[in-house]
Number of protein chains: 2
Amino acid sequence: MRLTAKSEYGLLALIDLAAHWGLGPISAREIAERQSIPPKFLEQLFVSLRKAGLVTAMRGARGGFVLERTPSEISVLEVVEALEGPLKPTACDGGSLCARSQMCAAATVWNRATAALRDVFDTTTLADLAGAQASIDAQGVDASQA
Amino acid sequence: MRLTAKSEYGLLALIDLAAHWGLGPISAREIAERQSIPPKFLEQLFVSLRKAGLVTAMRGARGGFVLERTPSEISVLEVVEALEGPLKPTACDGGSLCARSQMCAAATVWNRATAALRDVFDTTTLADLAGAQASIDAQGVDASQA
DNA sequence: CGCAATCCCTACCTAAACGGTATGGTATGC
DNA sequence: GCATACCATACCGTTTAGGTAGGGATTGCG
C-alpha cells in the first residue's frame, strides 16, 4: 500500500471540517488556504470523499462541505480508503493476482502488515485528531518549541 | 510507505536462501527459476541486499549467495528497508519536509501507522517464514485445498 | 590453460502513477 | 443577475516501477 499526498491532504481537510463542525458548510477554497493545499487538487479529493459518503456538498454561493456524520463516527481508515482505494500492502495479498497465492508464506507477513495498518486507521477518528490538533494549537500559542 | 515488487521478490528470494541454509552458495539464476522472478531483476535486488549486509556473494563458477547471518537473525524489516529504503508511510512523517511538522495532529496517525508496520516486520524472521513455507509445502503435497 | 558459470555495473526503456493545472459547466444565495 | 461555490473532464510534466540489455570481472573445474 502506498500512502500519497491524497491521504495527507484529505485527512487535513477533514480534520479541518471536524474542527468547524456545526458551523455550516465550509468551502474548499477556505480549507485550501488554511491548510496550504492546492485548491483545485483539493476539489478533486472532495469529489472522492463525497462519493464515499463522508461529506455532503452544498452548491452555489455560501456553499461548501459538511461532514456526513459526526467527527467521532468517521475513521481515518474510511478517509484513506476513499482516497487511495482498498488498503493492501502489495499485489500479493492472497488474491488471485499472485500465482503463489495460498501456498506462499511471504503472503502471511503482508497480510499481517495490512491488518496492523488497518487497525491503527480504524481506531482513530476525526474527533480524536481534531481534539489533538486543538490541544497542539492551544499549547503552541505561547510555546512553539516546547 | 509503498511496498513494491522489490520487497515481494526480495523476501521470496531470502526465504529460499533460508530454506537452503547450510548447503553452500545458491545462484541467483537458480532462485529466479524456483521463485518465478525475472533473473536480471533479481540480480539487482541482490546488489542491494549485499550492500545492506544481509547476504554474501561468491563470484565465479559454482558461486552464488549465502545469508550473512542465520535465518532467525534476519528480520523482514531489514529486508524491506534494504530494498525500499527507510520505512515511512508518507512525506509528512515529522521530518522537515512538511511545513506543518510538529504542529500537525495528522502526523501522529502516520507515525503510529509506521510503528505498527515496523513492529510486524521487525518481529518476523526469515526462519519463521522458511518454517511456515515448509509446513505449507508438506501439507500441500496431498491436500492443496485444505 | 581455457572456458563456462557466476556475480557486478551501468545504461536504457516503456508504462503507469503522482501531483497537480486548466477550462468550462451548473447550481444557488444575496 | 451575478459572484460564489461545487462538478466534470481533460490535459500535462515529472518521477517511479518494473524490468531489459550488454558487457566486464572473477573463479571453479576439466
# chains A, B, ... in the order shown; residues from 1 in each chain; ligands from 1
call {"tool": "closest_atom_pairs", "arguments": {"of": "chain B", "to": "chain C", "cutoff": "6 Å", "atoms": "only C-alpha atoms (C1' of nucleotides)", "output": "CSV"}}
result
residue,atom,partner,partner_atom,distance
B:Arg59,CA,C:DC7,C1',5.0
B:Gly60,CA,C:DT6,C1',4.6
B:Ala61,CA,C:DA5,C1',4.3
B:Gly63,CA,C:DT6,C1',5.7
call {"tool": "closest_atom_pairs", "arguments": {"of": "chain D", "to": "chain A", "cutoff": "7 Å", "atoms": "only C-alpha atoms (C1' of nucleotides)", "output": "Markdown table"}}
result
| residue | atom | partner | partner_atom | distance |
| --- | --- | --- | --- | --- |
| D:DT4 | C1' | A:Ala61 | CA | 4.2 |
| D:DA5 | C1' | A:Gly60 | CA | 4.4 |
| D:DC6 | C1' | A:Arg59 | CA | 5.0 |
call {"tool": "interface_residues", "arguments": {"of": "chain B", "to": "chain A", "cutoff": "8 Å", "atoms": "only C-alpha atoms", "output": "JSON, numbers by chain"}}
result
{"B": [1, 2, 3, 4, 5, 8, 11, 12, 89, 90, 91, 92, 103, 104, 105, 106, 109, 112, 113, 116, 117, 120, 121, 124, 129, 130, 132, 133, 136, 137, 140]}
call {"tool": "write_last_selection", "arguments": {"atoms": "C-alpha atoms", "output": "compact mmCIF listing (two decimals), in the first residue's frame"}}
result
# COMPACT_ATOMS: atom_id res chain seq x y z
CA MET B 1 5.36 3.83 2.51
CA ARG B 2 4.96 1.86 -0.60
CA LEU B 3 5.68 -1.86 -0.75
CA THR B 4 6.68 -2.77 -4.26
CA ALA B 5 7.65 -5.86 -6.19
CA GLU B 8 7.94 -9.28 -2.65
CA LEU B 11 11.63 -11.65 0.52
CA LEU B 12 10.83 -14.71 -1.58
CA PRO B 89 4.22 5.96 5.35
CA THR B 90 4.10 9.49 3.94
CA ALA B 91 6.25 12.51 3.24
CA CYS B 92 4.80 14.12 6.35
CA MET B 103 2.22 21.07 14.95
CA CYS B 104 0.22 18.56 12.97
CA ALA B 105 -2.19 16.10 14.55
CA ALA B 106 -2.42 14.15 11.32
CA VAL B 109 -1.60 8.86 12.82
CA ARG B 112 1.55 5.28 14.61
CA ALA B 113 0.93 3.51 11.32
CA ALA B 116 2.66 -0.71 13.67
CA LEU B 117 4.11 -1.77 10.34
CA VAL B 120 5.15 -6.59 12.35
CA PHE B 121 8.20 -6.63 10.13
CA THR B 124 9.16 -11.75 11.85
CA LEU B 129 8.83 -17.78 7.15
CA ALA B 130 11.01 -20.61 5.93
CA ALA B 132 5.94 -21.74 7.63
CA GLN B 133 6.70 -22.38 3.99
CA ILE B 136 2.69 -25.38 3.72
CA ASP B 137 4.69 -27.44 1.26
CA GLY B 140 0.27 -29.19 0.00
call {"tool": "select_by_dssp", "arguments": {"residues": "range 19-145 of chain B", "states": "alpha helix (DSSP H)", "output": "ChimeraX atom specification"}}
result
/B:19,28-35,39-51,76-84,105-122,126-140
call {"tool": "select_by_dssp", "arguments": {"residues": "chain A", "states": "strand (DSSP E or B)", "output": "mmCIF file with N, CA, C and O atoms, in the first residue's frame"}}
result
data_model
loop_
_atom_site.group_PDB
_atom_site.id
_atom_site.type_symbol
_atom_site.label_atom_id
_atom_site.label_comp_id
_atom_site.auth_asym_id
_atom_site.auth_seq_id
_atom_site.Cartn_x
_atom_site.Cartn_y
_atom_site.Cartn_z
ATOM 1 N N ILE A 26 -18.398 24.647 4.906
ATOM 2 C CA ILE A 26 -17.105 25.311 4.746
ATOM 3 C C ILE A 26 -16.650 25.088 3.313
ATOM 4 O O ILE A 26 -16.694 23.963 2.817
ATOM 5 N N VAL A 55 -18.713 13.225 3.135
ATOM 6 C CA VAL A 55 -19.118 14.632 3.227
ATOM 7 C C VAL A 55 -20.335 14.879 2.332
ATOM 8 O O VAL A 55 -20.603 14.128 1.396
ATOM 9 N N THR A 56 -21.054 15.915 2.660
ATOM 10 C CA THR A 56 -22.153 16.388 1.817
ATOM 11 C C THR A 56 -21.746 17.733 1.226
ATOM 12 O O THR A 56 -21.135 18.547 1.911
ATOM 13 N N ALA A 57 -22.074 17.920 -0.047
ATOM 14 C CA ALA A 57 -21.721 19.170 -0.710
ATOM 15 C C ALA A 57 -22.935 20.077 -0.799
ATOM 16 O O ALA A 57 -24.052 19.623 -1.039
ATOM 17 N N MET A 58 -22.721 21.371 -0.587
ATOM 18 C CA MET A 58 -23.746 22.400 -0.793
ATOM 19 C C MET A 58 -23.246 23.297 -1.920
ATOM 20 O O MET A 58 -22.218 23.959 -1.768
ATOM 21 N N GLY A 64 -20.438 24.834 0.279
ATOM 22 C CA GLY A 64 -19.248 24.235 0.871
ATOM 23 C C GLY A 64 -19.510 22.790 1.246
ATOM 24 O O GLY A 64 -20.404 22.146 0.686
ATOM 25 N N PHE A 65 -18.740 22.285 2.183
ATOM 26 C CA PHE A 65 -18.854 20.886 2.573
ATOM 27 C C PHE A 65 -19.129 20.752 4.063
ATOM 28 O O PHE A 65 -18.685 21.573 4.871
ATOM 29 N N VAL A 66 -19.879 19.702 4.379
ATOM 30 C CA VAL A 66 -20.172 19.370 5.776
ATOM 31 C C VAL A 66 -19.935 17.872 5.941
ATOM 32 O O VAL A 66 -20.213 17.095 5.021
ATOM 33 N N LEU A 67 -19.426 17.481 7.084
ATOM 34 C CA LEU A 67 -19.258 16.055 7.367
ATOM 35 C C LEU A 67 -20.622 15.375 7.370
ATOM 36 O O LEU A 67 -21.580 15.905 7.928
ATOM 37 N N SER A 75 -13.772 7.310 10.674
ATOM 38 C CA SER A 75 -12.426 6.847 10.980
ATOM 39 C C SER A 75 -11.443 7.255 9.893
ATOM 40 O O SER A 75 -11.827 7.530 8.749
ATOM 41 N N THR A 125 -10.365 8.338 14.989
ATOM 42 C CA THR A 125 -11.456 9.074 14.349
ATOM 43 C C THR A 125 -11.063 10.540 14.137
ATOM 44 O O THR A 125 -10.075 11.029 14.696
#
call {"tool": "atom_distance", "arguments": {"atom1": "CA of Glu33 in chain A", "atom2": "CA of Asp16 in chain A"}}
result
11.3 Å
call {"tool": "atom_distance", "arguments": {"atom1": "CA of Lys6 in chain B", "atom2": "CA of Val80 in chain B"}}
result
8.3 Å
